[in-house]
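To start, the structure itself, in structure tokens.
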Amino acid sequence: MGRGRVQMKRIENPVHRQVTFCKRRAGLLKKAKELSVLCDAEIGVVIFSAHGKLYELATKWTMQELIERYGKYTGGPPADEPMVEPMDAKKEIEMLKQEIEILQKGPRYMFGGGCEYMSLNELLVLEKHLEIWINHIRSTKMDIMFQEIQMLRNKGS
């Protein structure tokens, strides 16, 4: 008997999300190795976790060699050339000041404390941050509910 379809949406509980990530990552890497062996394919897989940890698999060659080969094949820049210029400190400071200003302006705008209007870009930035905060709040709420359920189960046992 099958398990049924898995609904494709973000797993809200961080513990369940991490367990699923580890299992699926291992399965994906295993399948890539099998495909490489069975079909004599050259495969490179790069995975960044939510915490920024890097997981990679390169069959036959190193990941750097695969990336260089991919760049030559697609006509992209060579891997030894930097693709993104680092921002100088003054520009980065100015950008961060603007973001802080927008984030401080948001609550004033929402609660009617300021008479100024927000531009479309400012509203989009505020919306992005609100979505991040809502996801964080939901995740925390699910953690607390999960802990309370576990506590109630332990009392019932």
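Letters A, B, ... go to the chains of the structure tokens in the order shown; residues in each chain start at 1; ligands are counted from 1 in the same order.
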- Secondary structure check, alpha helix (DSSP H) residues of region 7-141 of chain A, as a ChimeraX atom specification: /A:14-39,63-74,89-110,120-141
Write out, as a tab-separated table, each residue of region 39-107 of chain A that has an atom at most 12 Å from region 1-17 of chain A, together with the closest pair of atoms and their distance in Å to one decimal, counting only C-alpha atoms, rows going by chain and rising number.
residue	atom	partner	partner_atom	distance
A:Ser49	CA	A:Arg17	CA	10.9
A:Ala50	CA	A:Arg17	CA	10.0
A:His51	CA	A:Pro14	CA	11.6
Selection to disk with N, CA and C atoms, as a tab-separated table (two decimals), in the first residue's frame:
chain	number	residue	atom	x	y	z
A	49	SER	N	21.75	24.42	2.13
A	49	SER	CA	20.68	24.27	3.10
A	49	SER	C	20.14	25.64	3.47
A	50	ALA	N	19.06	25.65	4.24
A	50	ALA	CA	18.47	26.90	4.70
A	50	ALA	C	19.44	27.67	5.59
A	51	HIS	N	20.38	26.97	6.21
A	51	HIS	CA	21.36	27.61	7.08
A	51	HIS	C	22.63	27.99	6.32
- Surrounding residues of Ile47 (chain A) excluding itself and chain neighbours under 2 positions, 12 Å, only C-alpha atoms, as a list of chain:residue names: A:Phe21, A:Cys22, A:Arg24, A:Arg25, A:Ala26, A:Leu28, A:Leu29, A:Gly44, A:Val45, A:Ser49, A:Ala50, A:His51, A:Gly52, A:Lys53, A:Leu54, A:Tyr55, A:Glu56, A:Leu57, A:Ala58
Please, could you write that set of residues out with N, CA and C atoms as a compact mmCIF listing (two decimals), in the first residue's frame?
# COMPACT_ATOMS: atom_id res chain seq x y z
N PHE A 21 14.63 17.46 4.95
CA PHE A 21 15.75 17.93 4.13
C PHE A 21 16.87 16.90 4.11
N CYS A 22 17.24 16.39 5.28
CA CYS A 22 18.35 15.42 5.36
C CYS A 22 18.03 14.15 4.58
N ARG A 24 15.77 13.67 2.11
CA ARG A 24 15.63 13.90 0.67
C ARG A 24 16.97 14.25 0.03
N ARG A 25 17.82 14.98 0.75
CA ARG A 25 19.15 15.30 0.24
C ARG A 25 19.93 14.01 0.02
N ALA A 26 19.90 13.12 1.01
CA ALA A 26 20.61 11.84 0.88
C ALA A 26 20.06 11.04 -0.29
N LEU A 28 18.52 12.21 -2.98
CA LEU A 28 18.88 12.88 -4.23
C LEU A 28 20.33 12.58 -4.61
N LEU A 29 21.23 12.66 -3.66
CA LEU A 29 22.64 12.38 -3.94
C LEU A 29 22.84 10.92 -4.32
N GLY A 44 26.96 16.83 -11.62
CA GLY A 44 27.33 17.73 -10.54
C GLY A 44 26.07 18.22 -9.85
N VAL A 45 26.00 18.09 -8.54
CA VAL A 45 24.85 18.53 -7.76
C VAL A 45 25.36 19.46 -6.68
N SER A 49 21.75 24.42 2.13
CA SER A 49 20.68 24.27 3.10
C SER A 49 20.14 25.64 3.47
N ALA A 50 19.06 25.65 4.24
CA ALA A 50 18.47 26.90 4.70
C ALA A 50 19.44 27.67 5.59
N HIS A 51 20.38 26.97 6.21
CA HIS A 51 21.36 27.61 7.08
C HIS A 51 22.63 27.99 6.32
N GLY A 52 22.64 27.78 5.01
CA GLY A 52 23.77 28.18 4.18
C GLY A 52 24.87 27.14 4.07
N LYS A 53 24.64 25.94 4.57
CA LYS A 53 25.66 24.90 4.48
C LYS A 53 25.64 24.31 3.07
N LEU A 54 26.85 24.06 2.53
CA LEU A 54 26.99 23.55 1.17
C LEU A 54 27.12 22.04 1.17
N TYR A 55 26.35 21.41 0.28
CA TYR A 55 26.47 19.97 0.02
C TYR A 55 26.67 19.84 -1.48
N GLU A 56 27.65 19.05 -1.89
CA GLU A 56 27.90 18.91 -3.32
C GLU A 56 28.32 17.49 -3.66
N LEU A 57 28.08 17.16 -4.92
CA LEU A 57 28.49 15.87 -5.45
C LEU A 57 28.98 16.11 -6.86
N ALA A 58 30.16 15.62 -7.17
CA ALA A 58 30.70 15.69 -8.52
C ALA A 58 31.22 14.31 -8.88
- Could you pull out all residues of region 43-156 of chain A with a DSSP call of strand (DSSP E or B) and give them as an NGL selection string? :A and (44-48 or 54-58)
Take the residues just selected and output them with C-alpha atoms as a short mmCIF file (atom, residue, chain, number, x, y, z; two decimals), in the first residue's frame.
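Final output, out_14.cif:
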data_model
loop_
_atom_site.label_atom_id
_atom_site.label_comp_id
_atom_site.auth_asym_id
_atom_site.auth_seq_id
_atom_site.Cartn_x
_atom_site.Cartn_y
_atom_site.Cartn_z
CA GLY A 44 27.33 17.73 -10.54
CA VAL A 45 24.85 18.53 -7.76
CA VAL A 46 25.06 21.59 -5.53
CA ILE A 47 22.74 22.03 -2.54
CA PHE A 48 22.67 24.91 -0.07
CA LEU A 54 26.99 23.55 1.17
CA TYR A 55 26.47 19.97 0.02
CA GLU A 56 27.90 18.91 -3.32
CA LEU A 57 28.49 15.87 -5.45
CA ALA A 58 30.70 15.69 -8.52
#
